[in-house]
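Student: Sharing run.txt (compact mmCIF, C-alpha atoms) below.
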# COMPACT_ATOMS: atom_id res chain seq x y z
CA MET A 1 0.00 0.00 0.00
CA ARG A 2 1.26 3.48 -0.90
CA ILE A 3 0.36 6.30 1.46
CA ALA A 4 0.84 10.07 1.13
CA PHE A 5 0.72 12.31 4.18
CA ILE A 6 -0.18 15.97 3.63
CA VAL A 7 0.88 18.14 6.58
CA THR A 8 1.77 21.76 7.22
CA PHE A 9 5.20 21.44 8.85
CA PHE A 10 7.58 18.52 8.88
CA PRO A 11 9.39 17.63 11.00
CA ALA A 12 7.70 19.37 13.92
CA LEU A 13 8.95 18.36 17.38
CA SER A 14 5.56 19.14 18.90
CA GLU A 15 3.72 16.81 16.50
CA THR A 16 5.03 13.39 17.51
CA PHE A 17 1.49 12.06 16.97
CA ILE A 18 1.98 12.39 13.20
CA LEU A 19 5.49 10.99 13.39
CA ASN A 20 4.22 7.95 15.34
CA GLN A 21 1.74 7.15 12.60
CA ILE A 22 4.32 7.50 9.84
CA THR A 23 6.96 5.33 11.50
CA GLY A 24 4.36 2.76 12.52
CA LEU A 25 3.23 2.40 8.93
CA ILE A 26 6.80 2.09 7.68
CA ASP A 27 7.43 -0.62 10.29
CA ARG A 28 4.42 -2.47 8.88
CA GLY A 29 5.97 -2.45 5.41
CA TYR A 30 4.01 0.38 3.80
CA GLU A 31 5.49 2.96 1.46
CA VAL A 32 5.04 6.46 2.86
CA ASP A 33 5.67 9.88 1.29
CA ILE A 34 5.23 13.19 3.10
CA TYR A 35 4.14 16.45 1.49
CA ALA A 36 4.63 19.60 3.58
CA ASP A 37 4.40 23.33 3.09
CA ASP A 38 7.55 23.96 5.07
CA SER A 39 10.19 22.53 7.37
CA ARG A 40 9.82 23.84 10.90
CA LYS A 41 13.40 24.94 11.46
CA GLU A 42 13.93 23.68 14.99
CA LEU A 43 17.27 23.16 16.67
CA LYS A 44 16.05 19.85 18.08
CA VAL A 45 14.62 17.08 15.90
CA HIS A 46 13.07 13.81 17.00
CA PRO A 47 15.62 10.98 16.56
CA ASP A 48 13.12 8.92 14.53
CA VAL A 49 13.34 11.52 11.75
CA GLU A 50 16.95 10.47 11.17
CA LYS A 51 16.45 6.80 12.07
CA TYR A 52 13.84 6.37 9.33
CA SER A 53 15.49 8.84 6.89
CA LEU A 54 12.20 10.73 6.77
CA ILE A 55 13.62 13.86 5.18
CA ASN A 56 14.37 11.71 2.12
CA ARG A 57 10.65 10.85 2.02
CA THR A 58 9.52 14.48 2.40
CA TYR A 59 8.69 16.90 -0.41
CA TYR A 60 8.31 20.62 0.26
CA ASN A 61 6.36 23.05 -1.87
CA ASP A 62 8.48 25.98 -0.63
CA ILE A 63 5.79 28.57 -1.21
CA PRO A 64 7.12 32.06 -0.36
CA THR A 65 5.35 33.98 2.39
CA ASN A 66 5.88 37.27 0.57
CA LYS A 67 2.90 37.61 -1.77
CA LEU A 68 4.74 39.42 -4.57
CA LEU A 69 7.57 36.91 -4.52
CA ARG A 70 5.02 34.10 -4.43
CA LEU A 71 3.30 35.51 -7.53
CA LEU A 72 6.50 36.08 -9.50
CA ASN A 73 7.91 32.66 -8.60
CA GLY A 74 4.53 31.08 -9.33
CA ILE A 75 4.50 32.56 -12.82
CA ARG A 76 8.02 31.25 -13.41
CA LEU A 77 7.07 27.76 -12.23
CA LEU A 78 3.89 27.80 -14.30
CA LEU A 79 5.75 28.70 -17.48
CA ALA A 80 8.47 26.12 -16.83
CA ASN A 81 6.06 23.28 -16.06
CA PHE A 82 2.98 24.10 -18.13
CA HIS A 83 3.85 21.76 -20.99
CA LYS A 84 4.04 18.74 -18.62
CA ASN A 85 0.43 18.81 -17.48
CA PRO A 86 -1.40 21.94 -18.65
CA ILE A 87 -4.90 20.79 -17.64
CA VAL A 88 -3.95 20.15 -14.01
CA LEU A 89 -2.10 23.46 -13.67
CA LEU A 90 -4.96 25.41 -15.21
CA ARG A 91 -7.42 23.70 -12.86
CA SER A 92 -5.24 24.69 -9.89
CA LEU A 93 -5.96 28.32 -10.81
CA ASN A 94 -9.74 27.94 -10.85
CA PHE A 95 -10.43 30.77 -8.41
CA PHE A 96 -14.19 30.51 -8.90
CA LYS A 97 -14.41 26.87 -7.74
CA TYR A 98 -11.58 26.69 -5.22
CA GLY A 99 -11.55 30.24 -3.85
CA LYS A 100 -8.64 31.24 -1.62
CA ASN A 101 -6.97 27.85 -1.98
CA ALA A 102 -6.40 28.77 -5.62
CA ILE A 103 -5.91 32.51 -5.10
CA SER A 104 -3.11 31.87 -2.59
CA LEU A 105 -1.35 29.80 -5.31
CA ARG A 106 -0.87 26.95 -2.82
CA LEU A 107 -2.66 24.59 -5.20
CA LEU A 108 -0.37 25.60 -8.06
CA TYR A 109 2.78 25.08 -6.02
CA MET A 110 1.59 21.71 -4.70
CA ALA A 111 0.39 20.54 -8.11
CA ILE A 112 3.82 21.31 -9.60
CA LEU A 113 5.52 19.55 -6.70
CA MET A 114 3.36 16.47 -7.12
CA GLN A 115 3.89 16.19 -10.85
CA HIS A 116 7.60 15.70 -10.11
CA GLN A 117 6.86 12.98 -7.52
CA LYS A 118 4.64 9.92 -7.26
CA GLN A 119 1.09 10.95 -7.97
CA SER A 120 -0.85 7.74 -7.40
CA TYR A 121 -1.49 6.51 -3.84
CA ASN A 122 -3.93 4.17 -2.18
CA ILE A 123 -4.39 6.62 0.72
CA ILE A 124 -3.89 10.36 1.04
CA HIS A 125 -3.86 11.05 4.79
CA CYS A 126 -4.24 14.73 5.61
CA HIS A 127 -3.60 16.02 9.11
CA PHE A 128 -5.76 19.03 10.06
CA GLY A 129 -8.91 19.95 8.21
CA TYR A 130 -7.37 22.70 6.10
CA ASN A 131 -4.86 20.21 4.69
CA GLY A 132 -7.72 17.82 4.02
CA LEU A 133 -9.36 20.57 1.99
CA ALA A 134 -6.17 20.96 -0.04
CA GLY A 135 -5.98 17.18 -0.43
CA VAL A 136 -9.44 16.75 -1.95
CA ILE A 137 -8.93 19.71 -4.27
CA LEU A 138 -5.56 18.37 -5.46
CA ARG A 139 -7.28 15.08 -6.22
CA ASP A 140 -10.18 16.90 -7.87
CA ILE A 141 -7.85 18.71 -10.28
CA GLY A 142 -5.96 15.49 -11.05
CA ALA A 143 -2.67 16.30 -9.31
CA ILE A 144 -2.84 13.23 -7.05
CA GLN A 145 -4.88 10.05 -6.76
CA GLY A 146 -6.07 8.10 -3.74
CA LYS A 147 -8.68 7.93 -0.99
CA VAL A 148 -8.57 11.06 1.17
CA ILE A 149 -8.68 10.62 4.95
CA THR A 150 -8.65 13.78 7.06
CA THR A 151 -7.68 13.86 10.72
CA PHE A 152 -9.15 16.77 12.70
CA HIS A 153 -7.22 17.85 15.80
CA GLY A 154 -8.66 21.01 17.36
CA ILE A 155 -7.51 24.31 15.91
CA ASP A 156 -8.93 23.23 12.54
CA VAL A 157 -12.50 22.95 13.89
CA THR A 158 -12.29 25.92 16.26
CA ASN A 159 -10.07 28.86 15.36
CA TYR A 160 -9.96 28.06 11.63
CA VAL A 161 -13.74 27.77 11.36
CA LYS A 162 -14.18 30.94 13.40
CA ASN A 163 -11.99 32.81 10.91
CA LYS A 164 -13.22 31.18 7.69
CA GLY A 165 -16.86 30.59 8.54
CA GLU A 166 -19.10 27.62 9.35
CA ARG A 167 -19.09 26.49 5.72
CA ALA A 168 -15.31 26.40 5.39
CA TYR A 169 -15.27 22.63 4.91
CA ASP A 170 -18.28 22.20 2.62
CA LEU A 171 -16.10 21.10 -0.30
CA LEU A 172 -14.08 18.75 1.92
CA PHE A 173 -17.25 17.14 3.26
CA GLN A 174 -18.50 16.75 -0.30
CA LEU A 175 -15.32 15.25 -1.79
CA GLY A 176 -13.57 13.54 1.14
CA ASN A 177 -13.78 9.83 1.89
CA ILE A 178 -13.19 9.45 5.64
CA PHE A 179 -13.24 12.08 8.37
CA SER A 180 -11.26 11.12 11.44
CA PRO A 181 -11.60 13.40 14.49
CA VAL A 182 -9.30 12.62 17.44
CA SER A 183 -12.13 12.79 19.98
CA GLU A 184 -15.85 12.26 20.36
CA LEU A 185 -16.16 15.99 21.01
CA TRP A 186 -14.76 16.83 17.59
CA LYS A 187 -16.97 14.19 15.98
CA ARG A 188 -19.98 16.08 17.31
CA ARG A 189 -18.46 19.31 16.02
CA LEU A 190 -18.04 17.89 12.51
CA ILE A 191 -21.69 16.86 12.48
CA GLU A 192 -22.63 20.40 13.58
CA LEU A 193 -20.60 21.76 10.67
CA GLY A 194 -22.58 19.62 8.22
CA CYS A 195 -20.43 16.54 7.77
CA ASN A 196 -22.67 13.57 6.97
CA GLY A 197 -19.95 11.35 5.53
CA ASP A 198 -18.00 8.48 7.08
CA ILE A 199 -16.82 9.81 10.47
CA ILE A 200 -14.49 7.52 12.42
CA VAL A 201 -12.99 8.69 15.72
CA HIS A 202 -9.34 7.70 15.66
CA ARG A 203 -7.24 8.89 18.56
CA MET A 204 -3.60 9.87 18.51
CA GLY A 205 -1.37 7.65 20.61
CA ILE A 206 2.07 7.00 22.03
CA ASP A 207 4.62 4.19 22.04
CA CYS A 208 4.05 2.97 25.59
CA SER A 209 7.31 1.00 25.52
CA LYS A 210 9.24 4.29 25.47
CA PHE A 211 7.58 5.54 28.66
CA SER A 212 8.34 3.28 31.61
CA PHE A 213 5.98 3.36 34.57
CA ILE A 214 7.59 4.60 37.78
CA ALA A 215 5.89 4.26 41.15
CA ARG A 216 5.62 7.75 42.65
CA LYS A 217 6.33 8.60 46.27
CA LEU A 218 7.49 11.64 48.20
CA ARG A 219 11.25 11.98 47.96
CA ALA A 220 13.43 12.01 51.08
CA ASN A 221 13.97 15.79 51.07
CA GLY A 222 10.21 16.41 50.90
CA VAL A 223 10.43 18.52 47.73
CA VAL A 224 7.53 18.11 45.27
CA GLN A 225 8.54 18.45 41.63
CA ILE A 226 5.72 19.87 39.49
CA VAL A 227 6.03 20.06 35.71
CA THR A 228 4.27 21.58 32.71
CA ILE A 229 5.26 20.58 29.18
CA ALA A 230 3.65 22.83 26.59
CA ARG A 231 4.14 25.25 23.78
CA LEU A 232 3.91 28.68 25.36
CA VAL A 233 0.69 29.83 23.72
CA GLU A 234 -2.59 30.96 25.24
CA LYS A 235 -4.54 27.70 24.94
CA LYS A 236 -2.01 25.85 27.12
CA GLY A 237 -3.07 27.96 30.10
CA VAL A 238 0.44 28.23 31.58
CA GLU A 239 -0.43 31.63 33.08
CA TYR A 240 -3.01 29.98 35.34
CA ALA A 241 -0.57 27.26 36.38
CA ILE A 242 1.92 29.93 37.46
CA ARG A 243 -0.77 31.79 39.39
CA ALA A 244 -1.84 28.58 41.13
CA ILE A 245 1.77 27.88 42.11
CA ALA A 246 2.05 31.42 43.47
CA LYS A 247 -1.06 30.95 45.64
CA LEU A 248 0.58 27.96 47.33
CA ALA A 249 4.13 29.28 47.48
CA SER A 250 3.69 31.28 50.68
CA SER A 251 2.46 28.28 52.70
CA LYS A 252 4.28 25.51 50.83
CA THR A 253 8.05 25.88 50.79
CA ASN A 254 8.70 22.46 49.28
CA LEU A 255 7.59 23.16 45.69
CA ASN A 256 9.66 23.26 42.52
CA TYR A 257 7.92 24.02 39.24
CA THR A 258 9.55 23.33 35.85
CA ILE A 259 8.12 24.61 32.55
CA VAL A 260 9.29 22.75 29.46
CA GLY A 261 8.66 24.42 26.13
CA ASP A 262 8.97 27.64 24.18
CA GLY A 263 6.69 30.00 22.36
CA PRO A 264 5.50 33.58 21.89
CA LEU A 265 4.30 34.02 25.50
CA LYS A 266 7.62 33.17 27.13
CA GLU A 267 8.65 36.75 27.85
CA SER A 268 5.29 37.75 29.34
CA LEU A 269 5.20 34.59 31.46
CA GLN A 270 8.69 35.29 32.77
CA GLN A 271 7.54 38.78 33.71
CA LEU A 272 4.49 37.35 35.50
CA ILE A 273 6.74 35.02 37.51
CA LYS A 274 8.81 38.00 38.68
CA GLU A 275 5.72 40.03 39.54
CA LEU A 276 4.34 37.16 41.63
CA GLY A 277 7.67 36.64 43.36
CA VAL A 278 8.02 32.96 42.50
CA ASP A 279 11.12 33.13 40.30
CA ARG A 280 13.10 31.13 42.89
CA ILE A 281 10.85 28.05 42.44
CA VAL A 282 9.76 28.36 38.78
CA THR A 283 12.24 27.42 36.03
CA PHE A 284 11.97 27.55 32.24
CA VAL A 285 14.11 24.90 30.55
CA GLY A 286 13.10 25.49 26.92
CA LEU A 287 12.19 23.04 24.17
CA LYS A 288 13.31 19.45 24.67
CA GLN A 289 13.52 16.29 22.59
CA GLN A 290 11.44 13.29 23.61
CA GLN A 291 14.26 11.54 25.47
CA GLU A 292 14.97 14.72 27.42
CA VAL A 293 11.27 15.02 28.24
CA ILE A 294 11.29 11.44 29.52
CA GLU A 295 14.17 12.24 31.87
CA ILE A 296 12.30 15.26 33.21
CA LEU A 297 9.15 13.19 33.76
CA LYS A 298 11.18 10.54 35.58
CA ASN A 299 12.16 13.17 38.13
CA SER A 300 8.76 14.82 38.47
CA ASP A 301 5.79 14.10 40.75
CA ILE A 302 2.78 15.99 39.38
CA MET A 303 1.83 17.19 35.89
CA LEU A 304 0.04 20.55 35.71
CA ALA A 305 -1.73 21.11 32.35
CA PRO A 306 -4.48 23.74 32.68
CA SER A 307 -5.56 24.07 29.02
CA VAL A 308 -8.07 26.79 28.12
CA THR A 309 -10.05 27.99 25.14
CA SER A 310 -8.07 30.91 23.77
CA PHE A 311 -9.78 34.19 23.03
CA ASP A 312 -9.51 33.55 19.29
CA GLY A 313 -11.38 30.26 19.74
CA ASP A 314 -8.42 27.86 19.52
CA ARG A 315 -8.75 24.67 21.58
CA GLU A 316 -6.79 21.51 22.24
CA GLY A 317 -7.48 18.09 20.78
CA ILE A 318 -6.23 15.59 23.36
CA PRO A 319 -2.67 16.59 24.33
CA VAL A 320 -0.22 13.79 23.59
CA VAL A 321 2.04 14.96 26.43
CA LEU A 322 -0.69 13.96 28.89
CA MET A 323 -0.67 10.44 27.45
CA GLU A 324 3.11 10.28 27.89
CA THR A 325 2.85 11.61 31.43
CA MET A 326 0.14 9.13 32.40
CA ALA A 327 2.14 6.27 30.89
CA MET A 328 4.99 7.18 33.25
CA GLY A 329 2.73 7.20 36.29
CA LEU A 330 2.31 10.87 37.16
CA PRO A 331 -1.01 12.13 38.51
CA ILE A 332 -2.50 14.88 36.34
CA ILE A 333 -4.09 18.21 37.17
CA SER A 334 -5.81 19.55 34.07
CA THR A 335 -9.07 21.18 32.99
CA LEU A 336 -12.54 20.33 31.73
CA HIS A 337 -11.43 21.31 28.26
CA SER A 338 -12.00 19.82 24.82
CA GLY A 339 -11.19 16.08 24.69
CA ILE A 340 -9.13 15.99 27.90
CA PRO A 341 -11.98 14.40 29.94
CA GLU A 342 -11.87 11.52 27.42
CA LEU A 343 -8.30 10.83 28.58
CA VAL A 344 -8.06 11.92 32.23
CA GLU A 345 -10.72 10.47 34.52
CA ASN A 346 -11.47 13.01 37.22
CA GLY A 347 -10.61 11.67 40.65
CA VAL A 348 -9.07 8.48 39.22
CA SER A 349 -5.96 9.35 37.18
CA GLY A 350 -5.99 13.01 38.12
CA PHE A 351 -8.17 16.02 38.75
CA LEU A 352 -10.01 18.24 36.28
CA THR A 353 -10.96 21.82 37.10
CA PRO A 354 -12.90 24.52 35.23
CA GLU A 355 -10.87 26.54 32.74
CA ARG A 356 -9.05 29.64 34.07
CA ASP A 357 -10.02 28.79 37.66
CA VAL A 358 -6.82 29.50 39.59
CA ASP A 359 -8.41 28.78 42.97
CA ALA A 360 -9.58 25.33 41.84
CA LEU A 361 -6.16 24.52 40.36
CA ALA A 362 -4.45 25.60 43.58
CA GLU A 363 -6.89 23.55 45.67
CA LYS A 364 -6.30 20.34 43.72
CA LEU A 365 -2.57 20.93 43.61
CA ASN A 366 -2.51 21.50 47.36
CA TYR A 367 -4.45 18.26 47.87
CA LEU A 368 -1.94 16.24 45.86
CA VAL A 369 1.01 17.88 47.58
CA GLU A 370 -0.42 17.04 50.99
CA ASN A 371 -1.43 13.47 50.04
CA PRO A 372 1.51 11.85 48.24
CA GLU A 373 0.21 8.42 49.24
CA ILE A 374 -2.39 8.65 46.43
CA TRP A 375 0.11 9.48 43.68
CA ASN A 376 0.93 5.88 42.88
CA ASN A 377 -2.69 4.70 42.59
CA MET A 378 -3.55 7.62 40.31
CA GLY A 379 -0.45 6.98 38.23
CA ALA A 380 -1.22 3.27 37.89
CA ALA A 381 -4.77 4.05 36.77
CA GLY A 382 -3.45 6.48 34.17
CA ARG A 383 -0.92 3.97 32.83
CA ALA A 384 -3.56 1.26 32.48
CA PHE A 385 -5.93 3.60 30.65
CA VAL A 386 -3.28 4.77 28.17
CA GLU A 387 -2.15 1.21 27.48
CA GLU A 388 -5.71 0.22 26.69
CA HIS A 389 -6.92 3.22 24.68
CA TYR A 390 -3.92 5.26 23.48
CA ASN A 391 -1.30 2.63 22.63
CA ILE A 392 0.10 3.58 19.23
CA ASP A 393 0.63 -0.05 18.19
CA LYS A 394 -3.06 -0.82 18.67
CA LEU A 395 -4.06 2.45 17.07
CA ASN A 396 -1.83 1.94 14.04
CA ASP A 397 -3.31 -1.53 13.56
CA LYS A 398 -6.74 0.10 13.62
CA LEU A 399 -5.53 2.78 11.21
CA VAL A 400 -4.45 0.11 8.72
CA GLU A 401 -7.91 -1.45 9.05
CA ILE A 402 -9.45 1.94 8.23
CA TYR A 403 -7.16 2.27 5.20
CA ASN A 404 -7.96 -1.24 3.96
CA SER A 405 -11.68 -0.68 4.42
CA SER A 406 -11.53 2.57 2.46
CA VAL A 407 -9.52 1.03 -0.37
CA SER A 408 -11.81 -2.04 -0.49
CA ILE A 409 -14.89 0.15 -0.69
CA GLY A 410 -13.29 2.08 -3.50
CA MET A 411 -12.49 -1.12 -5.41
CA ALA A 412 -16.02 -2.38 -4.87
CA ASN A 413 -17.42 0.83 -6.33
CA TYR A 414 -15.51 0.19 -9.54
CA SER A 415 -16.25 -3.55 -9.82
Taking this structure as input, can you express it in the form of structure tokens?
Tutor:
Amino acid sequence: MRIAFIVTFFPALSETFILNQITGLIDRGYEVDIYADDSRKELKVHPDVEKYSLINRTYYNDIPTNKLLRLLNGIRLLLANFHKNPIVLLRSLNFFKYGKNAISLRLLYMAILMQHQKQSYNIIHCHFGYNGLAGVILRDIGAIQGKVITTFHGIDVTNYVKNKGERAYDLLFQLGNIFSPVSELWKRRLIELGCNGDIIVHRMGIDCSKFSFIARKLRANGVVQIVTIARLVEKKGVEYAIRAIAKLASSKTNLNYTIVGDGPLKESLQQLIKELGVDRIVTFVGLKQQQEVIEILKNSDIMLAPSVTSFDGDREGIPVVLMETMAMGLPIISTLHSGIPELVENGVSGFLTPERDVDALAEKLNYLVENPEIWNNMGAAGRAFVEEHYNIDKLNDKLVEIYNSSVSIGMANYS
């Protein structure tokens, strides 16, 4: 089976969920190509990118961000490649049918890229709804062939729809084959948006063998190590975690709080830490590779992940880092947000509080700090749940079943 992945960035250290699918499929003997708009130029890259030589499987459309440069380069590419497949390239410029996808010239750039690569696939797996939209259009104009499966994660059915309108995915729903939200919540959202096609909830997962369970207990010096691992953007709610830590800091002198990650809010969060007077117990350690994250989790006691709905409407899917944390046996404090309640069972593997409720976060954190004897039971419950429902091996087997079913249906339609 030949599979094409259409993504925005590759490789992206924060998107191990896509990487886990790709490597799992390669391990199962499938041929995988990756089409991306850009390479996220990060100093750290997941080791599997090199292990599987994934850059050699990745094709970039290199579309300039500067609109004038994009137009001039697009004209050059069109003239140089027009003779190879004029019908496809002309269709990619059908502004009336494909709107901004054509006007932006993304379709033109991707169509030219694909005519230089392998164009026929059994499956075209698009991550995020807006890439699914590009995928069905590219197939519609004849630039690529295959069944289109679109995975919806969160921002694509929240912020994107808020900006583009409730009918943003009408063409995708009309032309796509399978729609695969990562949670039951997003399945309901797709139905609200008018999707009446084949919707299959397929969760992202982790390689449980890479995250060893560790029984948690209070260390000899009495210090409680609290950790947050997140991109420093609004929806991760790190501000509220810091404020909750600050509420406890005056009465609890045994807390250390580590924030792993980077992002546009780093400077303002550092300023908040100084204003609240907790800079002696709060530490930023920057972006880390998976193995470095594992080492940090080994030496931590409680995960604090207070996700929120951002003011522009962006929301989480189900954070993969929570799966990793639960697999290693840490109790979780998170929020009643998006698909998180489908992963973290309140009172069993952790505690869930209302969004932006600093008092509730501080209360649950204080409870865990004062009752370390419950850490291990919560951690064991989390590990068992992740092994059962978010194990990437099981999920990749299910993904192959979805692929085979889609291809079989397609063959039956032509028999």
Student: Do a neighbour search on Val260 in chain A at 8 Å with only C-alpha atoms, toss out local chain neighbours closer than 3 positions, and write the hits as an MDAnalysis selection string.
Tutor: chainID A and resid 227:230 284:288
Student: Between CA of Val7 in chain A and CA of Met114 in chain A, what distance in Å does the model show, to one decimal?
Tutor: 14.0 Å
Student: If you count only C-alpha atoms, which residues fall within 10 Å of range 99-107 of chain A, apart from same-chain ones fewer than 5 positions away, as a list in words?
Tutor: Asp37, Asn61, Asp62, Ile63, Pro64, Lys67, Arg70, Leu71, Gly74, Ile75, Val88, Leu89, Arg91, Ser92, Leu93, Asn94, Ile112, Leu113, Tyr130, Leu133, Ala134, Gly135, Ile137, Leu138, Ile141 and Ala143 of chain A
Student: Name the closest residue to Ser310 in chain A among the candidates A:Lys247, A:Lys364, A:Lys235, A:Lys394; distances are taken between atoms, counting only C-alpha atoms.
Tutor: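 Smallest separation from Ser310 in chain A among the options: A:Lys235.
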Student: Have a look at A:Ser14, A:Arg189, A:Gly263, A:Ile123 and name the one nearest to Ser408 in chain A; count only C-alpha atoms.
Tutor: A:Ile123
Student: Could you jot down the CA of Ile302 in chain A to CA of Ile273 in chain A separation for me, Å, one decimal place?
Tutor: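 Separating CA of Ile302 in chain A from CA of Ile273 in chain A is a distance of 19.5 Å.
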Student: Go ahead and compute the interatomic distance for CA of Asn81 in chain A and CA of Gln145 in chain A, in Å to one decimal.
Tutor: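 Interatomic distance here is 19.5 Å.
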Student: Can you list, as a PyMOL selection string, every protein, DNA or RNA residue that comes within 12 Å of Glu342 in chain A when you count all atoms listed in the file, leaving out same-chain residues fewer than 2 positions away?
Tutor: chain A and resi 182-186+203+317-319+322-323+335-340+344-346+349+352+382+385-386+389-390
Student: Can you tell me which residues surround Asn299 in chain A at a distance of at most 10 Å, considering only C-alpha atoms, apart from same-chain residues fewer than 4 positions away, and format the answer as a list in words?
Tutor: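 In the requested form, the answer reads Ile214, Arg216, Arg219, Val224, Gln225, Ile226, Val227, Ile294 and Glu295 of chain A.
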Student: Report the centre and edge lengths, in Å to one decimal, of an axis-aligned box enclosing every atom of range 261-278 of chain A listed in the file, padded by 4 Å on each side, as lines of an AutoDock Vina configuration file.
Tutor:
center_x = 6.6
center_y = 32.2
center_z = 32.6
size_x = 12.7
size_y = 23.6
size_z = 29.5
Student: May I ask which of the residues A:Ile333, A:Gly205, A:Glu316, A:Leu297 is the closest one to Tyr367 in chain A, counting only C-alpha atoms?
Tutor: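 Going through A:Ile333, A:Gly205, A:Glu316, A:Leu297 one by one, the smallest distance to Tyr367 in chain A is for A:Ile333.
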Student: Please provide the set of residues having any atom within 12 Å of Lys210 in chain A, restricted to all atoms listed in the file, with same-chain residues fewer than 4 positions apart removed, written as a PyMOL selection string.
Tutor: chain A and resi 20+206+290-291+293-295+323-325+327-328+387+391-392
Student: Have a look at A:Lys97, A:Lys162, A:Arg2, A:His46 and name the one nearest to Gln119 in chain A; count all atoms listed in the file.
Tutor: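 Among A:Lys97, A:Lys162, A:Arg2, A:His46, it is A:Arg2 that comes nearest to Gln119 in chain A.
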Student: Given all atoms listed in the file as the basis, pick out the residue of A:Ala111, A:Ala380, A:Ile55, A:Leu272 nearest to Lys84 in chain A.
Tutor: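 Among the listed residues, the smallest separation from Lys84 in chain A belongs to A:Ala111.
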Student: Counting all atoms listed in the file, select every polymer residue within 8 Å of (5.9, 25.7, 43.6) as defined in the file's coordinates, and provide the selection as a list in words.
Tutor: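 Here is the list of nearby residues: Val224, Gln225, Ile226, Ile245, Ala246, Leu248, Ala249, Lys252, Thr253, Asn254, Leu255, Asn256, Tyr257, Val278, Ile281 and Val282 of chain A.
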Student: At most 10 Å from (3.8, 34.7, 28.2), file frame, all atoms listed in the file: which residues, as a ChimeraX atom specification?
Tutor: /A:232-234,237-239,262-273
